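Asks: final_38.tsv is reproduced in full below (TSV, C-alpha atoms).
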chain	number	residue	atom	x	y	z
A	1	MET	CA	-12.06	-5.38	7.36
A	2	SER	CA	-12.39	-3.89	3.89
A	3	ARG	CA	-14.68	-0.89	3.77
A	4	LEU	CA	-15.18	-1.00	-0.01
A	5	SER	CA	-16.85	-3.62	-2.21
A	6	LEU	CA	-14.90	-5.74	-4.67
A	7	GLN	CA	-16.56	-3.90	-7.54
A	8	ARG	CA	-15.54	-0.55	-6.07
A	9	TYR	CA	-11.94	-1.72	-5.64
A	10	ALA	CA	-11.91	-2.98	-9.23
A	11	ALA	CA	-13.13	0.39	-10.46
A	12	GLU	CA	-10.58	2.13	-8.24
A	13	ILE	CA	-7.70	0.11	-9.72
A	14	ILE	CA	-8.69	1.43	-13.14
A	15	ALA	CA	-9.23	4.96	-11.82
A	16	GLN	CA	-5.87	5.08	-9.98
A	17	THR	CA	-4.11	3.74	-13.05
A	18	ASP	CA	-5.79	6.32	-15.27
A	19	LEU	CA	-4.71	9.11	-12.88
A	20	LEU	CA	-1.19	7.69	-12.98
A	21	ARG	CA	-1.19	7.58	-16.76
A	22	SER	CA	-2.39	11.15	-16.94
A	23	ALA	CA	0.32	12.33	-14.52
A	24	VAL	CA	3.16	10.77	-16.51
A	25	ASP	CA	1.85	11.55	-19.98
A	26	GLY	CA	4.78	12.82	-22.03
A	27	ALA	CA	7.27	12.38	-19.16
A	28	ASP	CA	10.81	11.12	-19.68
A	29	PRO	CA	10.85	7.39	-18.73
A	30	THR	CA	14.47	7.76	-17.63
A	31	ALA	CA	13.58	10.35	-14.98
A	32	PRO	CA	14.69	9.20	-11.50
A	33	VAL	CA	12.07	8.28	-8.88
A	34	PRO	CA	13.25	9.80	-5.56
A	35	THR	CA	11.13	7.49	-3.40
A	36	CYS	CA	12.29	4.31	-5.16
A	37	PRO	CA	16.10	4.43	-5.09
A	38	ASP	CA	17.84	3.27	-8.28
A	39	TRP	CA	14.53	3.19	-10.18
A	40	ASN	CA	13.60	5.40	-13.05
A	41	LEU	CA	10.06	6.21	-14.14
A	42	GLY	CA	9.97	3.50	-16.79
A	43	ARG	CA	10.92	0.83	-14.30
A	44	LEU	CA	8.31	2.07	-11.83
A	45	LEU	CA	5.59	1.89	-14.47
A	46	ARG	CA	6.68	-1.61	-15.47
A	47	HIS	CA	6.58	-2.64	-11.80
A	48	ILE	CA	2.98	-1.44	-11.49
A	49	GLY	CA	1.92	-3.20	-14.67
A	50	ALA	CA	3.73	-6.35	-13.56
A	51	ALA	CA	1.99	-6.26	-10.16
A	52	HIS	CA	-1.40	-6.02	-11.84
A	53	ARG	CA	-0.58	-8.97	-14.07
A	54	TRP	CA	0.75	-11.00	-11.11
A	55	ALA	CA	-2.47	-10.49	-9.15
A	56	ASP	CA	-4.49	-11.18	-12.31
A	57	THR	CA	-2.74	-14.54	-12.65
A	58	ILE	CA	-3.33	-15.44	-9.00
A	59	VAL	CA	-7.03	-14.67	-9.14
A	60	GLY	CA	-7.62	-15.88	-12.69
A	61	THR	CA	-6.05	-19.29	-12.05
A	62	ARG	CA	-7.51	-19.56	-8.53
A	63	ALA	CA	-3.96	-20.20	-7.31
A	64	ARG	CA	-3.77	-22.38	-4.22
A	65	GLY	CA	-0.19	-21.51	-3.36
A	66	PRO	CA	2.43	-18.81	-3.93
A	67	VAL	CA	2.85	-17.58	-7.48
A	68	PRO	CA	6.41	-16.43	-8.33
A	69	HIS	CA	6.74	-12.65	-8.30
A	70	ASP	CA	10.35	-12.41	-9.42
A	71	ARG	CA	9.40	-10.29	-12.44
A	72	LEU	CA	8.00	-7.52	-10.27
A	73	ASP	CA	11.40	-6.07	-9.45
A	74	ASP	CA	13.51	-7.56	-12.24
A	75	ASP	CA	15.44	-4.91	-14.17
A	76	ALA	CA	14.90	-6.88	-17.36
A	77	ALA	CA	11.19	-7.58	-16.86
A	78	TYR	CA	8.94	-6.25	-19.61
A	79	THR	CA	11.76	-4.35	-21.29
A	80	ASP	CA	10.13	-5.46	-24.53
A	81	VAL	CA	7.42	-2.87	-23.78
A	82	ALA	CA	8.72	0.31	-25.41
A	83	PRO	CA	8.34	3.59	-23.48
A	84	GLY	CA	5.77	4.79	-26.00
A	85	GLU	CA	3.68	1.68	-25.39
A	86	LEU	CA	3.67	1.84	-21.59
A	87	ASP	CA	0.48	3.92	-21.44
A	88	GLY	CA	-1.64	1.39	-23.29
A	89	TRP	CA	0.10	-1.50	-21.54
A	90	LEU	CA	-0.73	-0.05	-18.11
A	91	ALA	CA	-4.36	0.53	-19.10
A	92	GLU	CA	-4.65	-3.00	-20.46
A	93	GLY	CA	-3.25	-4.57	-17.29
A	94	ALA	CA	-5.50	-2.59	-14.95
A	95	ARG	CA	-8.63	-3.35	-16.93
A	96	SER	CA	-7.77	-7.01	-17.24
A	97	LEU	CA	-7.21	-7.30	-13.48
A	98	ALA	CA	-10.44	-5.47	-12.71
A	99	GLY	CA	-12.37	-7.77	-15.02
A	100	THR	CA	-10.79	-10.89	-13.54
A	101	LEU	CA	-11.62	-9.74	-10.00
A	102	CYS	CA	-15.26	-9.05	-10.85
A	103	GLU	CA	-15.60	-12.35	-12.69
A	104	ALA	CA	-14.18	-14.28	-9.73
A	105	GLY	CA	-16.38	-12.51	-7.17
A	106	PRO	CA	-15.45	-11.63	-3.58
A	107	ASP	CA	-15.69	-15.10	-2.06
A	108	ALA	CA	-13.68	-17.38	-4.37
A	109	SER	CA	-10.78	-19.18	-2.72
A	110	VAL	CA	-7.31	-18.03	-3.78
A	111	TRP	CA	-3.84	-17.80	-2.27
A	112	THR	CA	-3.01	-14.49	-0.58
A	113	VAL	CA	0.16	-13.18	1.02
A	114	ALA	CA	-1.70	-12.40	4.27
A	115	PRO	CA	-4.96	-13.58	5.84
A	116	GLY	CA	-7.89	-13.19	3.49
A	117	GLY	CA	-7.79	-15.96	0.93
A	118	THR	CA	-10.23	-14.33	-1.51
A	119	PRO	CA	-10.14	-12.00	-4.54
A	120	LEU	CA	-11.32	-9.21	-2.23
A	121	PHE	CA	-7.86	-9.23	-0.63
A	122	TRP	CA	-6.16	-8.72	-3.99
A	123	ALA	CA	-8.67	-6.07	-5.06
A	124	ARG	CA	-7.84	-4.06	-1.95
A	125	ARG	CA	-4.08	-4.71	-2.09
A	126	MET	CA	-3.76	-3.70	-5.74
A	127	THR	CA	-5.86	-0.58	-5.17
A	128	HIS	CA	-3.44	0.71	-2.57
A	129	GLU	CA	-0.34	-0.60	-4.35
A	130	THR	CA	-1.40	1.51	-7.32
A	131	LEU	CA	-2.28	4.50	-5.12
A	132	VAL	CA	1.10	4.63	-3.40
A	133	HIS	CA	3.08	4.13	-6.59
A	134	ARG	CA	0.99	6.86	-8.21
A	135	SER	CA	2.38	9.14	-5.52
A	136	ASP	CA	5.91	8.01	-6.47
A	137	ALA	CA	5.30	8.80	-10.12
A	138	ALA	CA	3.70	12.15	-9.32
A	139	LEU	CA	6.71	13.14	-7.23
A	140	ALA	CA	9.07	12.10	-10.01
A	141	VAL	CA	7.37	14.31	-12.59
A	142	GLY	CA	6.37	17.18	-10.28
A	143	ALA	CA	2.64	16.49	-10.53
A	144	GLU	CA	0.05	17.01	-7.81
A	145	PHE	CA	-1.08	14.06	-5.72
A	146	THR	CA	-4.23	13.71	-3.64
A	147	ALA	CA	-6.30	10.74	-2.50
A	148	ALA	CA	-10.04	10.63	-1.91
A	149	GLU	CA	-10.88	10.36	1.79
A	150	GLU	CA	-12.69	7.03	1.48
A	151	VAL	CA	-9.78	5.43	-0.34
A	152	ALA	CA	-7.15	6.94	1.97
A	153	LEU	CA	-9.03	5.77	5.08
A	154	ASP	CA	-9.13	2.25	3.67
A	155	ALA	CA	-5.41	2.40	2.91
A	156	LEU	CA	-4.81	3.47	6.51
A	157	ASP	CA	-6.84	0.55	7.85
A	158	GLU	CA	-5.15	-1.93	5.53
A	159	TRP	CA	-1.78	-0.89	6.99
A	160	MET	CA	-3.23	-1.18	10.51
A	161	GLU	CA	-4.25	-4.75	9.78
A	162	PHE	CA	-0.83	-5.60	8.34
A	163	GLY	CA	0.84	-3.90	11.30
A	164	THR	CA	-0.95	-6.11	13.82
A	165	LEU	CA	-0.22	-9.48	12.17
A	166	PRO	CA	1.97	-12.04	14.00
A	167	GLN	CA	4.61	-11.76	11.25
A	168	VAL	CA	5.49	-8.29	12.57
A	169	LEU	CA	6.74	-9.93	15.78
A	170	GLU	CA	9.02	-12.45	14.10
A	171	PRO	CA	12.78	-12.05	14.74
A	172	ALA	CA	14.22	-9.36	12.50
A	173	PRO	CA	17.75	-8.19	11.61
A	174	ASP	CA	17.08	-4.76	13.12
A	175	GLY	CA	17.16	-6.39	16.56
A	176	GLY	CA	14.87	-3.81	18.14
A	177	GLU	CA	12.34	-4.72	20.81
A	178	LEU	CA	8.93	-3.85	19.43
A	179	LEU	CA	6.82	-4.89	22.43
A	180	GLY	CA	7.11	-3.58	25.96
A	181	PRO	CA	5.45	-1.65	28.77
A	182	GLY	CA	4.01	1.68	27.69
A	183	ARG	CA	4.65	1.03	24.01
A	184	THR	CA	1.70	2.54	22.18
A	185	LEU	CA	1.30	4.45	18.92
A	186	HIS	CA	-1.33	7.05	18.11
A	187	LEU	CA	-2.05	8.09	14.52
A	188	HIS	CA	-4.23	11.16	14.04
A	189	ALA	CA	-5.54	12.42	10.70
A	190	THR	CA	-6.04	16.14	11.18
A	191	ASP	CA	-8.51	16.56	8.31
A	192	ALA	CA	-10.63	13.42	8.73
A	193	ARG	CA	-14.05	13.18	10.33
A	194	PRO	CA	-13.78	12.88	14.15
A	195	GLU	CA	-15.04	9.29	14.15
A	196	GLU	CA	-12.40	8.36	11.57
A	197	ALA	CA	-9.44	10.48	12.68
A	198	ASP	CA	-7.64	8.26	15.19
A	199	ARG	CA	-5.90	4.87	15.35
A	200	LEU	CA	-4.36	3.68	18.64
A	201	ILE	CA	-1.96	0.72	18.34
A	202	ASP	CA	-1.14	-1.31	21.45
A	203	LEU	CA	2.41	-2.70	21.43
A	204	THR	CA	2.56	-3.48	25.15
A	205	ALA	CA	2.16	-7.24	24.62
A	206	ALA	CA	1.23	-9.84	22.02
A	207	PRO	CA	-0.99	-9.88	20.12
A	208	ILE	CA	-0.71	-6.40	18.69
A	209	THR	CA	-4.11	-4.72	18.53
A	210	TYR	CA	-5.50	-1.39	17.43
A	211	THR	CA	-8.64	0.64	18.01
A	212	ARG	CA	-10.20	3.58	16.20
A	213	ALA	CA	-9.92	5.92	19.15
A	214	PRO	CA	-7.65	8.64	20.52
A	215	GLY	CA	-5.54	8.07	23.60
A	216	ARG	CA	-2.29	8.79	25.37
A	217	ALA	CA	0.62	7.13	23.61
A	218	ALA	CA	4.39	6.88	23.65
A	219	VAL	CA	4.41	8.43	20.20
A	220	THR	CA	1.77	10.40	18.31
A	221	VAL	CA	1.97	10.86	14.55
A	222	ARG	CA	-0.36	13.51	13.17
A	223	GLY	CA	-0.98	15.15	9.82
A	224	PRO	CA	-3.41	15.30	6.90
A	225	LEU	CA	-4.90	11.91	6.04
A	226	THR	CA	-3.20	11.52	2.66
A	227	ASP	CA	0.17	12.48	4.13
A	228	LEU	CA	-0.37	10.11	7.06
A	229	VAL	CA	-0.86	7.22	4.61
A	230	LEU	CA	2.26	8.26	2.71
A	231	ALA	CA	4.22	8.39	5.98
A	232	LEU	CA	3.32	4.77	6.67
A	233	TYR	CA	4.87	3.87	3.33
A	234	ARG	CA	7.88	6.11	4.07
A	235	ARG	CA	6.91	8.63	1.42
A	236	PRO	CA	7.32	12.38	1.93
A	237	ALA	CA	4.30	14.49	2.78
A	238	ARG	CA	2.76	16.29	-0.18
A	239	GLY	CA	0.86	18.83	1.93
A	240	LYS	CA	1.57	19.96	5.47
A	241	ALA	CA	4.38	18.14	7.24
A	242	VAL	CA	3.57	15.09	9.33
A	243	GLU	CA	4.39	15.76	12.98
A	244	ILE	CA	5.91	13.05	15.20
A	245	ILE	CA	5.60	13.70	18.93
A	246	GLY	CA	7.32	11.41	21.43
A	247	ASP	CA	9.17	8.15	20.81
A	248	ALA	CA	9.94	8.51	17.09
A	249	PRO	CA	12.25	5.42	17.05
A	250	LEU	CA	9.30	3.27	18.16
A	251	PHE	CA	7.22	4.47	15.22
A	252	ASP	CA	10.13	3.86	12.88
A	253	LEU	CA	10.65	0.34	14.21
A	254	TRP	CA	6.98	-0.54	13.76
A	255	LEU	CA	7.09	0.76	10.19
A	256	ARG	CA	10.21	-1.28	9.42
A	257	ARG	CA	8.74	-4.47	10.85
A	258	THR	CA	5.46	-4.05	8.99
A	259	GLY	CA	7.05	-3.01	5.72
A	260	ALA	CA	9.69	-5.75	5.78
A	261	TRP	CA	7.33	-8.69	5.64
A	262	LEU	CA	4.89	-6.90	3.34
A	263	GLN	CA	7.64	-6.52	0.72
A	264	GLU	CA	8.69	-10.17	0.81
As structure tokens, please, write out the structure in this file.

Replies:
Amino acid sequence: MSRLSLQRYAAEIIAQTDLLRSAVDGADPTAPVPTCPDWNLGRLLRHIGAAHRWADTIVGTRARGPVPHDRLDDDAAYTDVAPGELDGWLAEGARSLAGTLCEAGPDASVWTVAPGGTPLFWARRMTHETLVHRSDAALAVGAEFTAAEEVALDALDEWMEFGTLPQVLEPAPDGGELLGPGRTLHLHATDARPEEADRLIDLTAAPITYTRAPGRAAVTVRGPLTDLVLALYRRPARGKAVEIIGDAPLFDLWLRRTGAWLQE
């Protein structure tokens, strides 16, 4: 369940985009992005702007079915936007999306890639899409990256919800067995409030469930909240290292299964 309002998400999309723009101001658009293999900074920025415009189209048209997203990762997409124009283009896309979300309201009916079916889903998804890619851009240019606790906690819970969907259990090329006796994951944010610090994921049987509580687990993953969120997205820690105790391959398999369907 989303912990922020649609209006707060809309404001956060603008705020995260503005932080991104500030981080890359004056940077070389051809600089490589270590966390996005084969991408340079210009392509990453175009991907973010394209994602905002894709979600804007879905919500603005009240789409009832999938909207093509082929331009999101197309090398040639938006190459007509010159590097010097990317800053204004990013700002325009974020503000347009935020306005469309607020105009639609939280309860309108729209197509979503996962359960939700309202603009609130897209407001949340685009907030965290922008947050994580801001970390990619910051790493590429050597800038600092931090996330406010409230936003990072919501990003953590969004991944928890994705990681417990039935799609995660569908047959996958990796061939690993995700479910089984004793298969549990424990995530612990070392700098979060005690009532917010823990997530315990039960992979012993279907359906996958999680609780906000500590507990014994086959694998425990612990670290600062922001770094814990980045670890879920397979990004390197920006502060203290994230520690993995126990069955690391189980954690890796769960990440692969969750991330695979999310990126489709």

Asks: Choose the residue, out of A:Ile14, A:Leu72, A:Ala137, A:Leu97, that has the smallest atom-to-atom separation from Cys36 of chain A; count only C-alpha atoms.

Replies: A:Ala137

Asks: Measuring atom to atom with only C-alpha atoms, identify which of A:Val113, A:Leu253, A:Ala31, A:Leu228 is nearest to Ala241 of chain A.

Replies: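 Answer, going by the shortest atom-to-atom distance: A:Leu228.
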
Asks: So which one's closest to Arg124 of chain A, A:Arg235, A:Arg71, A:Arg64, A:His52? Using all atoms listed in the file, please.

Replies: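 Answer, going by the shortest atom-to-atom distance: A:His52.
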
Asks: Report, as AutoDock Vina command-line options, the centre and edge lengths in Å (one decimal) of the axis-aligned box enclosing every listed atom of segment 235-249 of chain A, padded by 5 Å on each side.

Replies:
--center_x 6.6 --center_y 12.7 --center_z 10.6 --size_x 21.4 --size_y 24.5 --size_z 31.6

Asks: Suppose you want the space between atom CA of Thr127 of chain A and atom CA of Glu144 of chain A; what is it in Å?

Replies: 18.7 Å

Asks: Report as a PDB file with C-alpha atoms, in the frame of the given file all protein, DNA and RNA residues lying within 8 Å of segment 210-216 of chain A, evaluated on all atoms listed in the file, omitting residues in the same chain fewer than 5 positions from it.

Replies:
ATOM      1  CA  MET A 160      -3.230  -1.180  10.510  1.00  0.00           C
ATOM      2  CA  THR A 164      -0.950  -6.110  13.820  1.00  0.00           C
ATOM      3  CA  HIS A 186      -1.330   7.050  18.110  1.00  0.00           C
ATOM      4  CA  HIS A 188      -4.230  11.160  14.040  1.00  0.00           C
ATOM      5  CA  GLU A 195     -15.040   9.290  14.150  1.00  0.00           C
ATOM      6  CA  GLU A 196     -12.400   8.360  11.570  1.00  0.00           C
ATOM      7  CA  ALA A 197      -9.440  10.480  12.680  1.00  0.00           C
ATOM      8  CA  ASP A 198      -7.640   8.260  15.190  1.00  0.00           C
ATOM      9  CA  ARG A 199      -5.900   4.870  15.350  1.00  0.00           C
ATOM     10  CA  LEU A 200      -4.360   3.680  18.640  1.00  0.00           C
ATOM     11  CA  ILE A 201      -1.960   0.720  18.340  1.00  0.00           C
ATOM     12  CA  ASP A 202      -1.140  -1.310  21.450  1.00  0.00           C
TER      13      ASP A 202
END

Asks: Please compute the atom CA of Pro207 of chain A-atom CA of Trp254 of chain A distance, one decimal, in Å.

Replies: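 Computing it gives 13.8 Å between the two atoms.
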
Asks: Calculated over only C-alpha atoms, which of the candidates A:Leu232, A:Ala108, A:Ala94, A:Val221 has the smallest distance to Arg256 of chain A?

Replies: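 Ranked by minimum distance to Arg256 of chain A, first place goes to A:Leu232.
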
Asks: How many Å lie between atom CA of Leu203 of chain A and atom CA of Ala237 of chain A, rounded to one decimal?

Replies: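 Separation of atom CA of Leu203 of chain A and atom CA of Ala237 of chain A: 25.4 Å.
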
Asks: Nearest residue to Ser5 of chain A out of A:Val59, A:Ile245, A:Val151, A:Leu131, using only C-alpha atoms?

Replies: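 Checking each of A:Val59, A:Ile245, A:Val151, A:Leu131 against Ser5 of chain A, counting only C-alpha atoms, the winner is A:Val151.
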
Asks: Please determine, counting only C-alpha atoms, which residue among A:Pro106, A:Pro83, A:Pro224, A:Gly116 has the shortest atom-to-atom distance to Glu158 of chain A.

Replies: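 Of A:Pro106, A:Pro83, A:Pro224, A:Gly116, the one nearest Glu158 of chain A, counting only C-alpha atoms, is A:Gly116.
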
Asks: Can you sort out segment 172-185 of chain A so it carries N, CA and C atoms, written as a PDB file, in the coordinates of the input?

Replies:
ATOM      1  N   ALA A 172      13.832 -10.174  13.650  1.00  0.00           N
ATOM      2  CA  ALA A 172      14.220  -9.360  12.500  1.00  0.00           C
ATOM      3  C   ALA A 172      15.662  -8.890  12.666  1.00  0.00           C
ATOM      4  N   PRO A 173      16.354  -8.633  11.549  1.00  0.00           N
ATOM      5  CA  PRO A 173      17.750  -8.190  11.610  1.00  0.00           C
ATOM      6  C   PRO A 173      17.952  -6.896  12.370  1.00  0.00           C
ATOM      7  N   ASP A 174      16.902  -6.045  12.441  1.00  0.00           N
ATOM      8  CA  ASP A 174      17.080  -4.760  13.120  1.00  0.00           C
ATOM      9  C   ASP A 174      17.288  -4.919  14.620  1.00  0.00           C
ATOM     10  N   GLY A 175      16.869  -6.067  15.173  1.00  0.00           N
ATOM     11  CA  GLY A 175      17.160  -6.390  16.560  1.00  0.00           C
ATOM     12  C   GLY A 175      16.434  -5.562  17.594  1.00  0.00           C
ATOM     13  N   GLY A 176      15.578  -4.640  17.190  1.00  0.00           N
ATOM     14  CA  GLY A 176      14.870  -3.810  18.140  1.00  0.00           C
ATOM     15  C   GLY A 176      13.735  -4.537  18.824  1.00  0.00           C
ATOM     16  N   GLU A 177      13.450  -4.145  20.063  1.00  0.00           N
ATOM     17  CA  GLU A 177      12.340  -4.720  20.810  1.00  0.00           C
ATOM     18  C   GLU A 177      11.083  -3.922  20.503  1.00  0.00           C
ATOM     19  N   LEU A 178      10.142  -4.557  19.819  1.00  0.00           N
ATOM     20  CA  LEU A 178       8.930  -3.850  19.430  1.00  0.00           C
ATOM     21  C   LEU A 178       7.937  -3.767  20.585  1.00  0.00           C
ATOM     22  N   LEU A 179       7.793  -4.852  21.342  1.00  0.00           N
ATOM     23  CA  LEU A 179       6.820  -4.890  22.430  1.00  0.00           C
ATOM     24  C   LEU A 179       7.449  -4.481  23.749  1.00  0.00           C
ATOM     25  N   GLY A 180       6.619  -3.926  24.637  1.00  0.00           N
ATOM     26  CA  GLY A 180       7.110  -3.580  25.960  1.00  0.00           C
ATOM     27  C   GLY A 180       6.147  -2.662  26.690  1.00  0.00           C
ATOM     28  N   PRO A 181       6.332  -2.506  27.975  1.00  0.00           N
ATOM     29  CA  PRO A 181       5.450  -1.650  28.770  1.00  0.00           C
ATOM     30  C   PRO A 181       5.397  -0.220  28.229  1.00  0.00           C
ATOM     31  N   GLY A 182       4.195   0.306  28.137  1.00  0.00           N
ATOM     32  CA  GLY A 182       4.010   1.680  27.690  1.00  0.00           C
ATOM     33  C   GLY A 182       4.180   1.912  26.211  1.00  0.00           C
ATOM     34  N   ARG A 183       4.400   0.860  25.447  1.00  0.00           N
ATOM     35  CA  ARG A 183       4.650   1.030  24.010  1.00  0.00           C
ATOM     36  C   ARG A 183       3.311   1.106  23.260  1.00  0.00           C
ATOM     37  N   THR A 184       2.930   2.296  22.921  1.00  0.00           N
ATOM     38  CA  THR A 184       1.700   2.540  22.180  1.00  0.00           C
ATOM     39  C   THR A 184       1.956   3.592  21.108  1.00  0.00           C
ATOM     40  N   LEU A 185       1.202   3.492  20.025  1.00  0.00           N
ATOM     41  CA  LEU A 185       1.300   4.450  18.920  1.00  0.00           C
ATOM     42  C   LEU A 185      -0.073   5.076  18.701  1.00  0.00           C
TER      43      LEU A 185
END
